[in-house]
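What follows is the content of target-v1.cif, which has mmCIF, C-alpha atoms:
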data_target
#
loop_
_atom_site.group_PDB
_atom_site.id
_atom_site.type_symbol
_atom_site.label_atom_id
_atom_site.label_comp_id
_atom_site.auth_asym_id
_atom_site.auth_seq_id
_atom_site.Cartn_x
_atom_site.Cartn_y
_atom_site.Cartn_z
ATOM 1 C CA MET A 200 3.233 25.501 45.814
ATOM 2 C CA LYS A 201 6.403 24.309 44.050
ATOM 3 C CA ARG A 202 5.405 20.704 44.691
ATOM 4 C CA ASN A 203 1.994 21.293 43.083
ATOM 5 C CA ASP A 204 3.667 22.939 40.088
ATOM 6 C CA ALA A 205 5.970 19.936 39.695
ATOM 7 C CA ILE A 206 3.032 17.510 39.835
ATOM 8 C CA ILE A 207 1.113 19.503 37.245
ATOM 9 C CA PHE A 208 4.175 19.704 34.994
ATOM 10 C CA ARG A 209 4.777 15.950 35.188
ATOM 11 C CA LYS A 210 1.142 15.269 34.370
ATOM 12 C CA PHE A 211 1.324 17.719 31.476
ATOM 13 C CA VAL A 212 4.408 16.000 30.030
ATOM 14 C CA HIS A 213 2.824 12.580 30.664
ATOM 15 C CA ILE A 214 -0.084 13.553 28.425
ATOM 16 C CA MET A 215 1.665 15.887 25.977
ATOM 17 C CA ILE A 216 4.384 13.546 24.673
ATOM 18 C CA PRO A 217 1.980 10.719 23.656
ATOM 19 C CA ALA A 218 -0.365 13.299 22.110
ATOM 20 C CA PHE A 219 2.572 14.689 20.151
ATOM 21 C CA GLY A 220 3.452 11.163 19.043
ATOM 22 C CA THR A 221 -0.117 10.588 17.870
ATOM 23 C CA ALA A 222 -0.108 13.773 15.801
ATOM 24 C CA ILE A 223 3.224 12.868 14.199
ATOM 25 C CA ALA A 224 2.062 9.309 13.439
ATOM 26 C CA VAL A 225 -1.146 10.473 11.735
ATOM 27 C CA SER A 226 0.610 13.229 9.740
ATOM 28 C CA LEU A 227 3.487 11.009 8.630
ATOM 29 C CA ASN A 228 1.078 8.241 7.671
ATOM 30 C CA GLU A 229 -0.825 10.508 5.277
ATOM 31 C CA PHE A 230 2.446 11.666 3.717
ATOM 32 C CA VAL A 231 4.154 8.268 3.507
ATOM 33 C CA ASP A 232 0.940 6.532 2.408
ATOM 34 C CA SER A 233 0.616 8.888 -0.572
ATOM 35 C CA ILE A 234 4.257 8.382 -1.537
ATOM 36 C CA LEU A 235 3.928 4.599 -1.242
ATOM 37 C CA VAL A 236 0.815 4.486 -3.434
ATOM 38 C CA SER A 237 2.448 6.796 -5.968
ATOM 39 C CA GLN A 238 5.633 4.711 -6.137
ATOM 40 C CA LEU A 239 3.800 1.404 -6.420
ATOM 41 C CA LEU A 240 1.000 2.425 -8.784
ATOM 42 C CA GLY A 241 1.875 5.781 -10.330
ATOM 43 C CA SER A 242 0.527 9.318 -10.253
ATOM 44 C CA LYS A 243 -2.986 8.402 -11.381
ATOM 45 C CA ALA A 244 -3.436 6.117 -8.371
ATOM 46 C CA MET A 245 -2.224 8.893 -6.092
ATOM 47 C CA ALA A 246 -4.778 11.198 -7.715
ATOM 48 C CA ILE A 247 -7.565 8.703 -6.940
ATOM 49 C CA VAL A 248 -6.482 8.497 -3.290
ATOM 50 C CA ASN A 249 -6.343 12.287 -3.024
ATOM 51 C CA VAL A 250 -9.765 12.688 -4.638
ATOM 52 C CA CYS A 251 -11.231 10.384 -1.969
ATOM 53 C CA SER A 252 -9.434 12.155 0.908
ATOM 54 C CA PRO A 253 -12.585 14.091 1.961
ATOM 55 C CA VAL A 254 -14.087 10.768 3.081
ATOM 56 C CA MET A 255 -11.241 10.198 5.572
ATOM 57 C CA LEU A 256 -11.361 13.833 6.665
ATOM 58 C CA PHE A 257 -15.069 13.492 7.389
ATOM 59 C CA ALA A 258 -14.314 10.437 9.519
ATOM 60 C CA ALA A 259 -11.860 12.602 11.476
ATOM 61 C CA CYS A 260 -14.600 15.211 11.814
ATOM 62 C CA LEU A 261 -16.896 12.674 13.490
ATOM 63 C CA TYR A 262 -14.413 11.151 15.918
ATOM 64 C CA LEU A 263 -13.215 14.601 16.978
ATOM 65 C CA LEU A 264 -16.802 15.726 17.441
ATOM 66 C CA PHE A 265 -17.685 12.902 19.820
ATOM 67 C CA GLY A 266 -14.200 12.046 21.095
ATOM 68 C CA ILE A 267 -12.946 15.508 22.015
ATOM 69 C CA GLY A 268 -16.339 16.799 23.120
ATOM 70 C CA GLY A 269 -17.053 13.742 25.247
ATOM 71 C CA SER A 270 -13.569 13.473 26.750
ATOM 72 C CA ILE A 271 -13.680 17.077 27.984
ATOM 73 C CA ILE A 272 -16.883 16.373 29.901
ATOM 74 C CA TYR A 273 -15.498 13.023 31.063
ATOM 75 C CA ALA A 274 -12.355 14.637 32.503
ATOM 76 C CA ARG A 275 -14.407 17.294 34.280
ATOM 77 C CA LEU A 276 -16.716 14.707 35.852
ATOM 78 C CA ILE A 277 -13.760 12.587 36.990
ATOM 79 C CA GLY A 278 -12.301 15.687 38.624
ATOM 80 C CA GLU A 279 -15.610 16.204 40.404
ATOM 81 C CA LYS A 280 -15.539 12.564 41.624
ATOM 82 C CA LYS A 281 -18.617 11.701 39.554
ATOM 83 C CA GLU A 282 -17.320 8.452 38.081
ATOM 84 C CA LYS A 283 -20.744 7.022 37.255
ATOM 85 C CA ASP A 284 -21.729 10.120 35.290
ATOM 86 C CA ALA A 285 -18.367 10.019 33.510
ATOM 87 C CA GLU A 286 -18.986 6.402 32.466
ATOM 88 C CA LYS A 287 -22.372 7.412 31.055
ATOM 89 C CA ILE A 288 -20.814 10.241 29.036
ATOM 90 C CA PHE A 289 -18.213 7.865 27.604
ATOM 91 C CA SER A 290 -20.914 5.337 26.723
ATOM 92 C CA LEU A 291 -23.126 8.019 25.177
ATOM 93 C CA ALA A 292 -20.316 9.469 23.062
ATOM 94 C CA LEU A 293 -19.180 6.013 21.933
ATOM 95 C CA PHE A 294 -22.704 4.855 21.115
ATOM 96 C CA SER A 295 -23.439 8.075 19.191
ATOM 97 C CA ALA A 296 -20.188 7.813 17.231
ATOM 98 C CA PHE A 297 -20.958 4.192 16.356
ATOM 99 C CA VAL A 298 -24.525 4.860 15.209
ATOM 100 C CA ILE A 299 -23.642 7.920 13.106
ATOM 101 C CA SER A 300 -20.656 6.175 11.524
ATOM 102 C CA MET A 301 -22.804 3.146 10.660
ATOM 103 C CA ILE A 302 -25.355 5.403 8.993
ATOM 104 C CA VAL A 303 -22.606 7.122 6.993
ATOM 105 C CA MET A 304 -21.178 3.736 6.014
ATOM 106 C CA VAL A 305 -24.504 2.404 4.727
ATOM 107 C CA LEU A 306 -25.368 5.611 2.854
ATOM 108 C CA GLY A 307 -21.842 5.924 1.464
ATOM 109 C CA ILE A 308 -21.759 2.359 0.133
ATOM 110 C CA PHE A 309 -25.281 2.570 -1.262
ATOM 111 C CA PHE A 310 -24.717 5.963 -2.939
ATOM 112 C CA ARG A 311 -21.051 5.547 -3.842
ATOM 113 C CA VAL A 312 -21.754 5.948 -7.572
ATOM 114 C CA PRO A 313 -23.260 9.463 -7.327
ATOM 115 C CA PHE A 314 -20.735 10.299 -4.606
ATOM 116 C CA ALA A 315 -17.897 9.313 -6.951
ATOM 117 C CA ALA A 316 -19.422 11.590 -9.590
ATOM 118 C CA LEU A 317 -19.471 14.418 -7.066
ATOM 119 C CA LEU A 318 -15.818 13.877 -6.126
ATOM 120 C CA ALA A 319 -14.406 13.157 -9.575
ATOM 121 C CA GLY A 320 -16.503 15.536 -11.660
ATOM 122 C CA SER A 321 -16.087 14.789 -15.342
ATOM 123 C CA SER A 322 -12.723 12.997 -15.019
ATOM 124 C CA ASP A 323 -12.096 9.719 -16.816
ATOM 125 C CA PHE A 324 -11.344 7.619 -13.714
ATOM 126 C CA LYS A 325 -14.736 7.992 -12.068
ATOM 127 C CA ALA A 326 -15.470 4.255 -12.307
ATOM 128 C CA GLU A 327 -12.177 3.460 -10.567
ATOM 129 C CA LEU A 328 -13.414 5.276 -7.478
ATOM 130 C CA TYR A 329 -16.290 2.835 -6.892
ATOM 131 C CA PRO A 330 -14.307 -0.043 -5.312
ATOM 132 C CA TYR A 331 -12.037 2.382 -3.445
ATOM 133 C CA LEU A 332 -15.032 4.203 -1.960
ATOM 134 C CA PHE A 333 -16.633 0.888 -1.005
ATOM 135 C CA TYR A 334 -13.721 -0.001 1.287
ATOM 136 C CA ALA A 335 -13.271 3.589 2.423
ATOM 137 C CA PHE A 336 -16.864 3.730 3.673
ATOM 138 C CA LEU A 337 -16.632 0.182 5.023
ATOM 139 C CA SER A 338 -13.753 1.312 7.233
ATOM 140 C CA PHE A 339 -15.740 4.306 8.500
ATOM 141 C CA PRO A 340 -17.170 2.756 11.712
ATOM 142 C CA PHE A 341 -13.805 1.238 12.634
ATOM 143 C CA ILE A 342 -11.958 4.538 12.216
ATOM 144 C CA VAL A 343 -14.557 6.595 14.064
ATOM 145 C CA VAL A 344 -15.057 4.176 16.979
ATOM 146 C CA VAL A 345 -11.343 3.391 17.459
ATOM 147 C CA MET A 346 -10.308 7.040 17.367
ATOM 148 C CA THR A 347 -13.228 8.102 19.583
ATOM 149 C CA ILE A 348 -12.025 5.647 22.218
ATOM 150 C CA SER A 349 -8.466 6.860 21.670
ATOM 151 C CA SER A 350 -9.613 10.426 22.358
ATOM 152 C CA PHE A 351 -10.953 9.355 25.756
ATOM 153 C CA LEU A 352 -7.895 7.340 26.831
ATOM 154 C CA PRO A 353 -5.755 10.319 27.971
ATOM 155 C CA ALA A 354 -8.596 11.478 30.235
ATOM 156 C CA MET A 355 -8.768 7.903 31.557
ATOM 157 C CA ASN A 356 -5.051 8.139 32.407
ATOM 158 C CA TYR A 357 -3.935 5.985 29.447
ATOM 159 C CA PRO A 358 -2.223 8.561 27.194
ATOM 160 C CA VAL A 359 0.467 6.142 26.004
ATOM 161 C CA LEU A 360 -2.175 3.625 24.940
ATOM 162 C CA ALA A 361 -3.992 6.377 23.017
ATOM 163 C CA SER A 362 -0.809 7.151 21.124
ATOM 164 C CA GLY A 363 -0.151 3.437 20.630
ATOM 165 C CA CYS A 364 -3.567 2.931 19.023
ATOM 166 C CA ALA A 365 -2.947 5.637 16.425
ATOM 167 C CA ILE A 366 0.592 4.417 15.726
ATOM 168 C CA LEU A 367 -0.484 0.757 15.428
ATOM 169 C CA ALA A 368 -3.326 1.576 13.030
ATOM 170 C CA ASN A 369 -1.025 3.590 10.802
ATOM 171 C CA VAL A 370 1.859 1.090 10.879
ATOM 172 C CA VAL A 371 -0.472 -1.789 9.949
ATOM 173 C CA ASN A 372 -1.941 0.421 7.236
ATOM 174 C CA LEU A 373 1.469 1.046 5.661
ATOM 175 C CA ILE A 374 2.484 -2.626 5.857
ATOM 176 C CA MET A 375 -0.798 -3.761 4.309
ATOM 177 C CA ASP A 376 -0.440 -1.132 1.588
ATOM 178 C CA TYR A 377 2.579 -3.052 0.345
ATOM 179 C CA VAL A 378 0.880 -6.427 0.832
ATOM 180 C CA PHE A 379 -2.357 -5.548 -0.979
ATOM 181 C CA ILE A 380 -0.828 -3.398 -3.716
ATOM 182 C CA LYS A 381 2.511 -5.063 -4.443
ATOM 183 C CA LEU A 382 1.958 -8.696 -3.463
ATOM 184 C CA LEU A 383 -1.784 -9.210 -4.002
ATOM 185 C CA HIS A 384 -2.124 -6.779 -6.931
ATOM 186 C CA GLN A 385 -5.287 -5.108 -5.646
ATOM 187 C CA GLY A 386 -4.436 -1.778 -7.244
ATOM 188 C CA THR A 387 -5.665 1.498 -5.783
ATOM 189 C CA CYS A 388 -8.402 -0.392 -3.958
ATOM 190 C CA GLY A 389 -5.649 -2.024 -1.913
ATOM 191 C CA ALA A 390 -4.862 1.292 -0.244
ATOM 192 C CA ALA A 391 -8.407 1.531 1.132
ATOM 193 C CA MET A 392 -8.308 -2.138 2.157
ATOM 194 C CA ALA A 393 -5.055 -1.449 4.033
ATOM 195 C CA THR A 394 -6.682 1.393 5.959
ATOM 196 C CA LEU A 395 -9.556 -0.903 6.901
ATOM 197 C CA CYS A 396 -7.115 -3.567 8.126
ATOM 198 C CA GLY A 397 -5.197 -1.048 10.221
ATOM 199 C CA TYR A 398 -8.229 0.021 12.220
ATOM 200 C CA VAL A 399 -9.706 -3.476 12.453
ATOM 201 C CA VAL A 400 -6.471 -4.743 14.025
ATOM 202 C CA THR A 401 -6.406 -1.803 16.434
ATOM 203 C CA GLY A 402 -10.070 -2.300 17.283
ATOM 204 C CA ILE A 403 -9.454 -5.970 18.075
ATOM 205 C CA LEU A 404 -6.574 -4.986 20.370
ATOM 206 C CA ILE A 405 -8.784 -2.490 22.219
ATOM 207 C CA VAL A 406 -11.535 -5.106 22.681
ATOM 208 C CA ILE A 407 -8.971 -7.576 24.081
ATOM 209 C CA LEU A 408 -7.598 -4.985 26.505
ATOM 210 C CA PHE A 409 -11.107 -4.084 27.667
ATOM 211 C CA ALA A 410 -12.210 -7.713 27.960
ATOM 212 C CA ARG A 411 -9.161 -8.685 30.038
ATOM 213 C CA LYS A 412 -9.618 -5.644 32.309
ATOM 214 C CA MET A 413 -6.170 -4.395 31.359
ATOM 215 C CA VAL A 414 -7.837 -1.044 30.823
ATOM 216 C CA ASP A 415 -10.148 0.034 33.633
ATOM 217 C CA VAL A 416 -13.033 1.298 31.529
ATOM 218 C CA LYS A 417 -16.687 0.583 32.166
ATOM 219 C CA LEU A 418 -19.643 0.958 29.842
ATOM 220 C CA SER A 419 -23.106 1.763 31.103
ATOM 221 C CA ASN A 420 -26.548 2.518 29.737
ATOM 222 C CA PRO A 421 -25.957 5.858 27.977
ATOM 223 C CA PHE A 422 -29.639 6.832 28.142
ATOM 224 C CA HIS A 423 -30.217 6.276 31.843
ATOM 225 C CA ASP A 424 -30.569 9.582 33.727
ATOM 226 C CA LEU A 425 -29.077 11.529 30.846
ATOM 227 C CA SER A 426 -31.001 14.290 29.105
ATOM 228 C CA LYS A 427 -30.647 15.620 25.594
ATOM 229 C CA GLU A 428 -28.479 18.380 27.074
ATOM 230 C CA SER A 429 -25.706 15.812 27.527
ATOM 231 C CA ILE A 430 -25.388 15.024 23.824
ATOM 232 C CA LEU A 431 -25.784 18.704 22.969
ATOM 233 C CA GLU A 432 -22.913 19.574 25.313
ATOM 234 C CA ILE A 433 -20.735 16.889 23.693
ATOM 235 C CA LEU A 434 -21.481 18.316 20.258
ATOM 236 C CA LYS A 435 -20.881 21.877 21.447
ATOM 237 C CA LEU A 436 -17.472 21.119 22.969
ATOM 238 C CA GLY A 437 -16.333 18.964 20.065
ATOM 239 C CA PHE A 438 -17.570 21.286 17.318
ATOM 240 C CA ALA A 439 -14.465 23.514 17.200
ATOM 241 C CA ASP A 440 -12.072 20.638 16.425
ATOM 242 C CA ALA A 441 -14.575 18.858 14.192
ATOM 243 C CA SER A 442 -15.303 21.989 12.153
ATOM 244 C CA ILE A 443 -11.611 22.280 11.218
ATOM 245 C CA GLN A 444 -11.640 18.784 9.694
ATOM 246 C CA LEU A 445 -14.982 19.474 8.028
ATOM 247 C CA GLY A 446 -13.508 22.631 6.523
ATOM 248 C CA PHE A 447 -10.511 20.630 5.274
ATOM 249 C CA ALA A 448 -12.864 18.048 3.736
ATOM 250 C CA LEU A 449 -14.938 20.653 1.900
ATOM 251 C CA THR A 450 -11.911 22.652 0.767
ATOM 252 C CA TRP A 451 -10.058 19.533 -0.382
ATOM 253 C CA GLY A 452 -13.104 18.271 -2.260
ATOM 254 C CA PHE A 453 -13.717 21.611 -3.965
ATOM 255 C CA ARG A 454 -10.048 22.039 -4.884
ATOM 256 C CA ASN A 455 -9.772 18.526 -6.315
ATOM 257 C CA ASN A 456 -12.952 18.951 -8.290
ATOM 258 C CA MET A 457 -11.814 22.244 -9.782
ATOM 259 C CA GLN A 458 -8.411 20.773 -10.651
ATOM 260 C CA LEU A 459 -10.049 17.852 -12.414
ATOM 261 C CA VAL A 460 -12.293 20.222 -14.355
ATOM 262 C CA LEU A 461 -9.284 22.262 -15.460
ATOM 263 C CA GLU A 462 -7.368 19.158 -16.513
ATOM 264 C CA THR A 463 -10.368 17.922 -18.486
ATOM 265 C CA MET A 464 -10.495 21.245 -20.335
ATOM 266 C CA ASN A 465 -6.708 21.101 -20.889
ATOM 267 C CA TRP A 466 -6.168 24.247 -18.840
ATOM 268 C CA SER A 467 -3.967 22.777 -16.139
ATOM 269 C CA HIS A 468 -0.749 23.373 -18.114
ATOM 270 C CA SER A 469 -1.724 26.742 -19.478
ATOM 271 C CA PRO A 470 0.520 29.667 -18.364
ATOM 272 C CA SER A 471 -2.570 31.718 -17.636
ATOM 273 C CA SER A 472 -4.282 29.080 -15.463
ATOM 274 C CA CYS A 473 -2.999 30.653 -12.230
ATOM 275 C CA SER A 474 -3.394 34.250 -13.229
#
Turn this file's structure into structure tokens for me.
Amino acid sequence: MKRNDAIIFRKFVHIMIPAFGTAIAVSLNEFVDSILVSQLLGSKAMAIVNVCSPVMLFAACLYLLFGIGGSIIYARLIGEKKEKDAEKIFSLALFSAFVISMIVMVLGIFFRVPFAALLAGSSDFKAELYPYLFYAFLSFPFIVVVMTISSFLPAMNYPVLASGCAILANVVNLIMDYVFIKLLHQGTCGAAMATLCGYVVTGILIVILFARKMVDVKLSNPFHDLSKESILEILKLGFADASIQLGFALTWGFRNNMQLVLETMNWSHSPSSCS
């Protein structure tokens, strides 16, 4: 019994520490990224980035929906020695995440003008959101697909690689922030371009690892012998984590919009504005 407890504890630590590292990397990136943009471009640029934050939060909503939901089923099937079914679940979750993220990307780019109006309200920097939103939505499939795969990696016994993917994407993002904003003078748009670069680089690394069989992951036809219950179960299991990010996105968007309305009406500095 003690031996089993020790094995379980080692496995727990083996998965927990990389997961903890991933959470720290993502949280620190959001904090440091905002500071970097603010220092390089000023408070208005930071405001633009914050106004567009719901887009990134919605991307997190999607990859948690398919990544967490699918990885739970994947781990269960591996435990039941049903490797073929597990491969189909991974393929189905990945394919679904890719298709949905592509649809969001196309709609977001095509309707970025009304979407900017929705996010910025009646503020005077609405037009400055257009190029930022273009690159933010362009990065959507890369973020969702890379992080969906990353969500599966711990269940595939690659927890360190999962953490490495998140850390690499965020490190490249921060480096390219400086390159695009400071050296190439791309302005606020450079921050969105840096995010795109971070996930493109990470995606390329994942493809190389898969292609060279350094990661033992197989894709299969996601629609063969799988019913609609499979995708519904993925959505059901991933909904709890995804709904948190969706709630953050809606709350953040509403709060930003109200703040911009108050600033436009010159209420933001009024002593009674918080009463």
Report the residues retrieved by the PyMOL selection byres ((chain A and resi 301) around 12) from the displayed file, expressed as a VMD selection string. chain A and resid 258 261 294 to 300 302 to 308 336 to 344
For range 238-255 of chain A, work out the shell of residues within 10 Å, counting all atoms listed in the file and skipping chain neighbours fewer than 6 positions away, then give it as JSON, numbers by chain. {"A": [229, 232, 307, 314, 315, 318, 319, 324, 325, 327, 328, 331, 332, 335, 336, 338, 339, 342, 343, 376, 377, 380, 381, 384, 386, 387, 388, 390, 391, 394, 444, 445, 446, 447, 448, 449, 450, 451, 452, 453, 454, 455, 456, 459]}
Please report as a Markdown table every residue of range 348-457 of chain A lying within 8 Å of range 270-275 of chain A, along with the nearest atom pair and their distance in Å (one decimal), using all atoms listed in the file.
| residue | atom | partner | partner_atom | distance |
| --- | --- | --- | --- | --- |
| A:Ser350 | CA | A:Ser270 | CA | 6.7 |
| A:Phe351 | CA | A:Ser270 | CA | 5.0 |
| A:Ala354 | CA | A:Ala274 | CA | 5.4 |
| A:Met355 | CA | A:Ala274 | CA | 7.7 |
| A:Ile433 | CA | A:Ile272 | CA | 7.3 |
| A:Leu436 | CA | A:Ile271 | CA | 7.5 |
Can you work out the spacing between CA of Gly437 in chain A and CA of Ala285 in chain A in Å, to one decimal?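 Distance between the two atoms: 16.3 Å.
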Assuming the chain letters and numbering stay as they are in my file, what does the PyMOL selection byres ((chain A and resi 264) around 8) actually select? List them as a JSON list (two decimals) with C-alpha atoms, in the frame of the given file.
[["chain", "number", "residue", "atom", "x", "y", "z"],
["A", 260, "CYS", "CA", -14.60, 15.21, 11.81],
["A", 261, "LEU", "CA", -16.90, 12.67, 13.49],
["A", 262, "TYR", "CA", -14.41, 11.15, 15.92],
["A", 263, "LEU", "CA", -13.22, 14.60, 16.98],
["A", 265, "PHE", "CA", -17.68, 12.90, 19.82],
["A", 266, "GLY", "CA", -14.20, 12.05, 21.10],
["A", 267, "ILE", "CA", -12.95, 15.51, 22.02],
["A", 268, "GLY", "CA", -16.34, 16.80, 23.12],
["A", 433, "ILE", "CA", -20.74, 16.89, 23.69],
["A", 434, "LEU", "CA", -21.48, 18.32, 20.26],
["A", 436, "LEU", "CA", -17.47, 21.12, 22.97],
["A", 437, "GLY", "CA", -16.33, 18.96, 20.07],
["A", 438, "PHE", "CA", -17.57, 21.29, 17.32],
["A", 440, "ASP", "CA", -12.07, 20.64, 16.42],
["A", 441, "ALA", "CA", -14.58, 18.86, 14.19]]
Quick one: pull the distance between CA of Leu293 in chain A and CA of Lys280 in chain A, Å, one decimal.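 Computing it gives 21.1 Å between the two atoms.
Between CA of Gly269 in chain A and CA of Leu256 in chain A the separation is 19.4 Å.
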Point out the residue among A:Leu383, A:Val370, A:Ala439, A:Ala365 with the least atom-to-atom distance to Ile405 in chain A, counting only C-alpha atoms.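 Of A:Leu383, A:Val370, A:Ala439, A:Ala365, the one nearest Ile405 in chain A is A:Ala365, counting only C-alpha atoms.
Distances from A:Ile288, A:Val378, A:Cys364, A:Ile407 to Ala393 in chain A were compared using all atoms listed in the file, and the smallest one belongs to A:Val378.
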Generate the coordinates of N, CA and C atoms for range 323-342 of chain A; report them as a compact mmCIF listing (two decimals), in the frame of the given file.
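Full text of rebuild_31.txt as output:
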# COMPACT_ATOMS: atom_id res chain seq x y z
N ASP A 323 -11.94 11.01 -16.16
CA ASP A 323 -12.10 9.72 -16.82
C ASP A 323 -11.88 8.53 -15.90
N PHE A 324 -11.56 8.75 -14.61
CA PHE A 324 -11.34 7.62 -13.71
C PHE A 324 -12.45 7.50 -12.66
N LYS A 325 -13.61 8.02 -13.00
CA LYS A 325 -14.74 7.99 -12.07
C LYS A 325 -15.08 6.56 -11.64
N ALA A 326 -15.10 5.64 -12.61
CA ALA A 326 -15.47 4.26 -12.31
C ALA A 326 -14.46 3.59 -11.38
N GLU A 327 -13.20 4.05 -11.42
CA GLU A 327 -12.18 3.46 -10.57
C GLU A 327 -12.34 3.86 -9.10
N LEU A 328 -13.16 4.86 -8.85
CA LEU A 328 -13.41 5.28 -7.48
C LEU A 328 -14.39 4.35 -6.77
N TYR A 329 -15.24 3.63 -7.51
CA TYR A 329 -16.29 2.84 -6.89
C TYR A 329 -15.75 1.81 -5.90
N PRO A 330 -14.81 0.94 -6.29
CA PRO A 330 -14.31 -0.04 -5.31
C PRO A 330 -13.52 0.61 -4.18
N TYR A 331 -12.80 1.69 -4.50
CA TYR A 331 -12.04 2.38 -3.44
C TYR A 331 -13.00 2.96 -2.40
N LEU A 332 -14.06 3.61 -2.88
CA LEU A 332 -15.03 4.20 -1.96
C LEU A 332 -15.76 3.14 -1.14
N PHE A 333 -15.98 1.97 -1.74
CA PHE A 333 -16.63 0.89 -1.00
C PHE A 333 -15.85 0.56 0.26
N TYR A 334 -14.54 0.35 0.13
CA TYR A 334 -13.72 0.00 1.29
C TYR A 334 -13.47 1.20 2.19
N ALA A 335 -13.44 2.39 1.60
CA ALA A 335 -13.27 3.59 2.42
C ALA A 335 -14.46 3.78 3.37
N PHE A 336 -15.67 3.60 2.83
CA PHE A 336 -16.86 3.73 3.67
C PHE A 336 -17.02 2.53 4.61
N LEU A 337 -16.58 1.36 4.16
CA LEU A 337 -16.63 0.18 5.02
C LEU A 337 -15.75 0.36 6.26
N SER A 338 -14.67 1.08 6.11
CA SER A 338 -13.75 1.31 7.23
C SER A 338 -14.24 2.41 8.17
N PHE A 339 -15.26 3.13 7.76
CA PHE A 339 -15.74 4.31 8.50
C PHE A 339 -16.04 4.01 9.97
N PRO A 340 -16.88 3.01 10.30
CA PRO A 340 -17.17 2.76 11.71
C PRO A 340 -15.94 2.38 12.52
N PHE A 341 -15.01 1.64 11.91
CA PHE A 341 -13.80 1.24 12.63
C PHE A 341 -12.94 2.45 12.96
N ILE A 342 -12.76 3.34 11.98
CA ILE A 342 -11.96 4.54 12.22
C ILE A 342 -12.59 5.41 13.29
